[in-house]
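Coordinates as given in work.pdb (PDB, C-alpha atoms):
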MODEL        1
ATOM      1  CA  MET A  17      -0.791  26.252  -1.716
ATOM      2  CA  SER A  18       1.495  24.177   0.453
ATOM      3  CA  LYS A  19       1.680  20.419   0.380
ATOM      4  CA  ILE A  20      -0.523  18.698   2.962
ATOM      5  CA  ASP A  21       1.285  17.081   5.893
ATOM      6  CA  TYR A  22      -0.740  13.858   5.834
ATOM      7  CA  LEU A  23       0.374  12.541   9.222
ATOM      8  CA  ARG A  24      -0.548  15.842  10.892
ATOM      9  CA  ALA A  25      -3.834  16.016   8.946
ATOM     10  CA  GLU A  26      -4.690  12.435   9.941
ATOM     11  CA  ASN A  27      -4.014  13.125  13.631
ATOM     12  CA  ILE A  28      -6.028  16.336  13.594
ATOM     13  CA  SER A  29      -8.951  14.661  11.803
ATOM     14  CA  LYS A  30      -9.089  11.689  14.166
ATOM     15  CA  ASN A  31      -8.654  13.867  17.245
ATOM     16  CA  LEU A  32     -11.340  16.329  16.157
ATOM     17  CA  GLN A  33     -13.755  13.453  15.619
ATOM     18  CA  LEU A  34     -12.873  12.056  19.050
ATOM     19  CA  ILE A  35     -13.367  15.480  20.655
ATOM     20  CA  MET A  36     -16.706  15.912  18.885
ATOM     21  CA  LYS A  37     -17.853  12.506  20.109
ATOM     22  CA  GLU A  38     -16.745  13.167  23.688
ATOM     23  CA  ALA A  39     -18.307  16.640  23.678
ATOM     24  CA  ASP A  40     -21.483  15.393  21.910
ATOM     25  CA  LEU A  41     -21.023  18.067  19.231
ATOM     26  CA  THR A  42     -21.838  17.852  15.531
ATOM     27  CA  VAL A  43     -19.786  19.793  12.984
ATOM     28  CA  ASP A  44     -22.238  22.688  13.348
ATOM     29  CA  GLY A  45     -21.889  22.433  17.115
ATOM     30  CA  ILE A  46     -18.098  22.536  17.071
ATOM     31  CA  VAL A  47     -18.244  25.516  14.688
ATOM     32  CA  GLU A  48     -20.558  27.421  17.021
ATOM     33  CA  PHE A  49     -18.631  26.391  20.143
ATOM     34  CA  THR A  50     -15.130  27.220  18.851
ATOM     35  CA  LYS A  51     -16.105  30.124  16.537
ATOM     36  CA  VAL A  52     -13.915  28.606  13.818
ATOM     37  CA  SER A  53     -15.525  28.594  10.366
ATOM     38  CA  LYS A  54     -17.348  25.552   9.035
ATOM     39  CA  PRO A  55     -15.165  25.277   5.908
ATOM     40  CA  THR A  56     -12.068  25.199   8.118
ATOM     41  CA  ILE A  57     -13.516  22.482  10.358
ATOM     42  CA  ASP A  58     -14.765  20.498   7.344
ATOM     43  CA  ARG A  59     -11.372  20.653   5.608
ATOM     44  CA  ALA A  60      -9.610  19.587   8.806
ATOM     45  CA  ILE A  61     -11.921  16.608   9.380
ATOM     46  CA  LEU A  62     -11.753  15.565   5.721
ATOM     47  CA  LYS A  63      -7.944  16.075   5.650
ATOM     48  CA  LEU A  64      -8.178  18.391   2.644
ATOM     49  CA  SER A  65      -5.777  21.083   3.792
ATOM     50  CA  ASN A  66      -3.279  22.112   6.413
ATOM     51  CA  ILE A  67      -5.227  23.858   9.131
ATOM     52  CA  SER A  68      -3.402  27.000  10.208
ATOM     53  CA  PRO A  69      -1.646  26.947  13.580
ATOM     54  CA  ASN A  70      -3.812  29.863  14.764
ATOM     55  CA  LYS A  71      -7.099  28.102  13.912
ATOM     56  CA  LEU A  72      -5.881  24.854  15.446
ATOM     57  CA  ASN A  73      -4.912  26.761  18.585
ATOM     58  CA  GLU A  74      -8.403  28.342  18.778
ATOM     59  CA  ILE A  75      -9.993  24.885  18.603
ATOM     60  CA  ALA A  76      -7.568  23.430  21.131
ATOM     61  CA  LEU A  77      -8.030  26.252  23.655
ATOM     62  CA  SER A  78     -11.807  25.875  23.431
ATOM     63  CA  PHE A  79     -11.407  22.322  24.716
ATOM     64  CA  GLY A  80      -8.677  22.971  27.280
ATOM     65  CA  LEU A  81      -5.948  21.490  25.092
ATOM     66  CA  THR A  82      -2.845  22.656  23.260
ATOM     67  CA  SER A  83      -2.590  22.587  19.489
ATOM     68  CA  SER A  84       0.321  20.139  19.666
ATOM     69  CA  GLN A  85      -1.843  17.675  21.611
ATOM     70  CA  ILE A  86      -4.336  17.628  18.733
ATOM     71  CA  SER A  87      -1.816  17.556  15.891
ATOM     72  CA  ASN A  88       0.997  15.322  17.130
ATOM     73  CA  LYS A  89      -0.575  12.161  18.503
ATOM     74  CA  TYR A  90      -3.805  10.186  18.426
ATOM     75  CA  PRO A  91      -5.802   9.735  20.627
ATOM     76  CA  VAL A  92      -5.851  13.063  22.417
ATOM     77  CA  LYS A  93      -6.844  13.127  26.098
ATOM     78  CA  THR A  94     -10.586  13.855  26.251
ATOM     79  CA  SER A  95     -11.781  12.745  29.693
ATOM     80  CA  HIS A  96     -11.909  16.354  30.942
ATOM     81  CA  ILE A  97     -14.001  17.665  28.028
ATOM     82  CA  PRO A  98     -17.506  16.830  29.337
ATOM     83  CA  LYS A  99     -16.627  18.681  32.580
ATOM     84  CA  LEU A 100     -15.565  21.933  30.893
ATOM     85  CA  GLN A 101     -17.717  24.749  32.258
ATOM     86  CA  LYS A 102     -17.683  26.536  28.901
ATOM     87  CA  LEU A 103     -19.078  23.395  27.225
ATOM     88  CA  ILE A 104     -21.663  22.860  29.962
ATOM     89  CA  ASN A 105     -22.833  26.454  29.531
ATOM     90  CA  PHE A 106     -22.942  26.061  25.736
ATOM     91  CA  LYS A 107     -25.054  22.912  26.038
ATOM     92  CA  SER A 108     -27.381  24.618  28.477
ATOM     93  CA  ASP A 109     -27.781  27.753  26.351
ATOM     94  CA  ASP A 110     -28.284  25.886  23.062
ATOM     95  CA  SER A 111     -29.981  22.710  24.293
ATOM     96  CA  ALA A 112     -32.962  23.211  21.983
ATOM     97  CA  ASN A 113     -30.864  23.205  18.810
ATOM     98  CA  PRO A 114     -30.631  19.628  17.487
ATOM     99  CA  LYS A 115     -28.119  20.491  14.795
ATOM    100  CA  TYR A 116     -25.425  21.222  17.424
ATOM    101  CA  PHE A 117     -25.522  17.971  19.387
ATOM    102  CA  ILE A 118     -24.959  14.429  18.163
ATOM    103  CA  SER A 119     -27.432  12.971  20.663
ATOM    104  CA  LEU A 120     -30.193  15.349  19.551
ATOM    105  CA  SER A 121     -29.397  15.163  15.832
ATOM    106  CA  LYS A 122     -29.938  11.396  15.922
ATOM    107  CA  ILE A 123     -33.531  12.020  16.938
ATOM    108  CA  HIS A 124     -33.945  14.348  13.961
ATOM    109  CA  ASN A 125     -32.185  12.093  11.468
ATOM    110  CA  ALA A 126     -34.343  10.697   8.643
ATOM    111  CA  HIS A 127     -32.076   7.688   8.079
ATOM    112  CA  ARG A 128     -32.245   6.668  11.726
ATOM    113  CA  PHE A 129     -36.006   7.226  11.825
ATOM    114  CA  VAL A 130     -36.599   5.087   8.730
ATOM    115  CA  LYS A 131     -34.327   2.311   9.987
ATOM    116  CA  ASP A 132     -36.015   2.239  13.402
ATOM    117  CA  GLN A 133     -39.470   2.086  11.833
ATOM    118  CA  LEU A 134     -38.496  -0.666   9.409
ATOM    119  CA  LEU A 135     -37.195  -2.728  12.313
ATOM    120  CA  THR A 136     -40.194  -2.261  14.590
ATOM    121  CA  ASP A 137     -43.251  -2.090  12.324
ATOM    122  CA  THR A 138     -44.443  -5.494  11.026
ATOM    123  CA  TYR A 139     -46.207  -3.660   8.174
ATOM    124  CA  PHE A 140     -42.880  -3.622   6.332
ATOM    125  CA  ARG A 141     -42.511  -7.428   6.405
ATOM    126  CA  GLU A 142     -44.757  -7.601   3.357
ATOM    127  CA  GLU A 143     -43.814  -6.280  -0.072
ATOM    128  CA  ARG A 144     -44.390  -2.523  -0.275
ATOM    129  CA  ARG A 145     -43.802   0.068  -2.952
ATOM    130  CA  LEU A 146     -41.714   3.108  -2.101
ATOM    131  CA  SER A 147     -44.792   5.324  -2.061
ATOM    132  CA  GLU A 148     -46.547   2.981   0.400
ATOM    133  CA  ILE A 149     -43.521   2.960   2.685
ATOM    134  CA  LYS A 150     -43.307   6.771   2.677
ATOM    135  CA  THR A 151     -47.026   7.108   3.402
ATOM    136  CA  ARG A 152     -46.730   4.720   6.349
ATOM    137  CA  LEU A 153     -43.659   6.534   7.694
ATOM    138  CA  LYS A 154     -45.387   9.907   7.454
ATOM    139  CA  SER A 155     -48.384   8.611   9.403
ATOM    140  CA  ASN A 156     -46.154   7.594  12.329
ATOM    141  CA  SER A 157     -46.366   9.750  15.462
ATOM    142  CA  LEU A 158     -42.541  10.016  15.568
ATOM    143  CA  PHE A 159     -42.340  11.448  12.050
ATOM    144  CA  VAL A 160     -40.621  14.849  11.958
ATOM    145  CA  ARG A 161     -42.169  17.225   9.429
ATOM    146  CA  SER A 162     -38.769  18.478   8.370
ATOM    147  CA  PHE A 163     -38.021  15.080   6.761
ATOM    148  CA  SER A 164     -38.455  15.641   3.031
ATOM    149  CA  ASP A 165     -39.704  13.012   0.591
ATOM    150  CA  SER A 166     -36.233  12.945  -0.892
ATOM    151  CA  ALA A 167     -34.615  12.286   2.503
ATOM    152  CA  LEU A 168     -37.023   9.417   3.160
ATOM    153  CA  GLU A 169     -36.416   7.921  -0.294
ATOM    154  CA  GLN A 170     -32.647   8.173   0.066
ATOM    155  CA  ALA A 171     -32.793   6.563   3.506
ATOM    156  CA  ILE A 172     -34.906   3.675   2.201
ATOM    157  CA  LYS A 173     -32.572   3.087  -0.753
ATOM    158  CA  ARG A 174     -29.432   3.277   1.391
ATOM    159  CA  ILE A 175     -30.831   0.868   3.959
ATOM    160  CA  ALA A 176     -31.720  -1.576   1.157
ATOM    161  CA  GLU A 177     -28.104  -1.391  -0.037
ATOM    162  CA  GLU A 178     -26.509  -1.581   3.415
ATOM    163  CA  PHE A 179     -28.452  -4.268   5.237
ATOM    164  CA  GLU A 180     -29.313  -7.858   4.421
ATOM    165  CA  TRP A 181     -32.603  -7.686   6.342
ATOM    166  CA  PHE A 182     -34.192  -5.084   4.029
ATOM    167  CA  LYS A 183     -34.170  -5.782   0.317
ATOM    168  CA  ILE A 184     -35.890  -5.168  -2.961
ATOM    169  CA  SER A 185     -37.979  -8.315  -3.172
ATOM    170  CA  ARG A 186     -39.084  -7.822  -6.772
ATOM    171  CA  LYS A 187     -39.486  -5.331  -9.593
ATOM    172  CA  SER A 188     -42.506  -4.649 -11.748
ATOM    173  CA  PRO A 189     -42.400  -6.210 -15.255
ATOM    174  CA  ASN A 190     -41.238  -2.941 -16.785
ATOM    175  CA  GLY A 191     -38.608  -2.518 -14.031
ATOM    176  CA  LYS A 192     -39.840   0.901 -12.957
ATOM    177  CA  VAL A 193     -41.535  -0.002  -9.671
ATOM    178  CA  PHE A 194     -39.599  -1.659  -6.878
ATOM    179  CA  TYR A 195     -41.118  -3.624  -4.030
ATOM    180  CA  TYR A 196     -39.230  -3.541  -0.732
ATOM    181  CA  LYS A 197     -39.542  -5.964   2.144
ATOM    182  CA  VAL A 198     -38.079  -6.509   5.606
ATOM    183  CA  LEU A 199     -36.858 -10.079   5.744
ATOM    184  CA  VAL A 200     -37.565 -12.078   8.887
ATOM    185  CA  LEU A 201     -34.280 -13.580  10.018
ATOM    186  CA  ASN A 202     -33.613 -16.299  12.573
ATOM    187  CA  SER A 203     -31.145 -14.107  14.404
ATOM    188  CA  PRO A 204     -32.018 -10.722  15.920
ATOM    189  CA  ILE A 205     -31.934  -7.830  13.466
ATOM    190  CA  GLN A 206     -29.101  -5.385  14.085
TER     191      GLN A 206
ENDMDL
END

Hey, can you dump this file as structure tokens for me?
Amino acid sequence: MSKIDYLRAENISKNLQLIMKEADLTVDGIVEFTKVSKPTIDRAILKLSNISPNKLNEIALSFGLTSSQISNKYPVKTSHIPKLQKLINFKSDDSANPKYFISLSKIHNAHRFVKDQLLTDTYFREERRLSEIKTRLKSNSLFVRSFSDSALEQAIKRIAEEFEWFKISRKSPNGKVFYYKVLVLNSPIQ
């Protein structure tokens, strides 16, 4: 296995992420659009290996670019990408698949759903156990049945770690039950 060219890998990773953002494509979307394998795309984005020149060229051609534009300099020119007829056709043909498009995947994202509900529902401003929070979330009309209990729990725990406005307010005496609460701040919640 050859040594990774870190500057090239960094440029490719950043440019692929920029292209994905401009094209509104998730990793699954870019895989389907370019017909390059998911492991190859994942390794390129995560800078874990040297992507072959042929694979890089396939990706570049899909977006009306050259491989050297993606690998040599950041940021790559992307203003033409949303106007590509091939991309417009792809979006039209696969518009019902939320796993291909960033804008649609956000709607079907458990973390985003939980965060939005915590911010808008005053029910969460009082201490609630994890089970109570999950029950309330599941009763919401925006709840997507594909959200598993585990996904909801992970989202709740991550949000409690990430944001100052949602915290564990107390623990039960034995430390096994946590009570969560949305804190009311003077400034708007972000």

Hey, which of A:His127, A:Arg152, A:Arg144, A:Lys197 ends up closest to Glu169 of chain A? Count all atoms listed in the file.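 Among A:His127, A:Arg152, A:Arg144, A:Lys197, it is A:His127 that comes nearest to Glu169 of chain A.
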
Contact residues around Ser83 of chain A with all atoms listed in the file at 10 Å, ignoring same-chain residues under 4 positions, as a PyMOL selection string: chain A and resi 28+69-77+87-88

State, in Å with one decimal place, the distance from atom CA of Trp181 of chain A to atom CA of Arg145 of chain A.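 Those two atoms sit 16.5 Å apart.
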
Go through the shown structure with the PyMOL selection byres ((chain A and resi 41-46) around 9) and write out the matching residues as a list in words.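 Output of the PyMOL selection byres ((chain A and resi 41-46) around 9): Ile35, Met36, Lys37, Glu38, Ala39, Asp40, Val47, Glu48, Phe49, Thr50, Lys51, Val52, Lys54, Ile57, Asp58, Ile75, Lys115, Tyr116, Phe117, Ile118, Ser119 and Ser121 of chain A.
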
Residues within 8 Å of segment 159-164 of chain A, please, as JSON, numbers by chain. Count only C-alpha atoms; anything in the same chain fewer than 3 positions from it doesn't count. {"A": [124, 126, 129, 153, 154, 155, 156, 167, 168]}

Residue IDs satisfying the PyMOL selection byres ((chain A and resi 131) around 12), as a PyMOL selection string: chain A and resi 122-123+125-130+132-137+140+149+153+168-176+178-179+181-182+198+205-206

Give the answer as one residue: which of A:Glu142, A:Asp165, A:Glu26, A:Asp109 has the shortest atom-to-atom distance to Lys63 of chain A, using only C-alpha atoms?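 Nearest candidate to Lys63 of chain A out of A:Glu142, A:Asp165, A:Glu26, A:Asp109: A:Glu26.
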
Interatomic distance, atom CA of Pro91 of chain A to atom CA of Asn31 of chain A (Å, one decimal):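 Value for the atom CA of Pro91 of chain A-atom CA of Asn31 of chain A distance: 6.1 Å.
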
Can you tell me how far atom CA of Leu103 of chain A sits from atom CA of Ala25 of chain A, in Å to one decimal? 24.9 Å

Considering all atoms listed in the file, can you say which of A:Lys150, A:Leu64, A:Ile184, A:Ser157 comes closest to Arg24 of chain A?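 Using all atoms listed in the file, the shortest distance to Arg24 of chain A belongs to A:Leu64.
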
So, with only C-alpha atoms as the atoms that count, which of A:Tyr22, A:Phe194, A:Phe79, A:Tyr139 lies closest to Leu100 of chain A?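 Of all the options, A:Phe79 lies closest to Leu100 of chain A.
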
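Proximity to Tyr195 of chain A was assessed for A:Leu146, A:Leu158, A:Ile97, A:Ile61 counting all atoms listed in the file; the smallest distance is recorded for A:Leu146.
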
Please determine, counting only C-alpha atoms, which residue among A:Lys89, A:Ile67, A:Gln33, A:Pro55 has the shortest atom-to-atom distance to Lys19 of chain A.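 Closest to Lys19 of chain A of all the choices is A:Ile67.
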
With all atoms of segment 25-31 of chain A from the file as input, state the centre and edge lengths in Å to one decimal of the axis-aligned box that has 5 Å extra on each side, as lines of an AutoDock Vina configuration file.
center_x = -6.5
center_y = 14.0
center_z = 13.1
size_x = 15.3
size_y = 14.6
size_z = 18.3
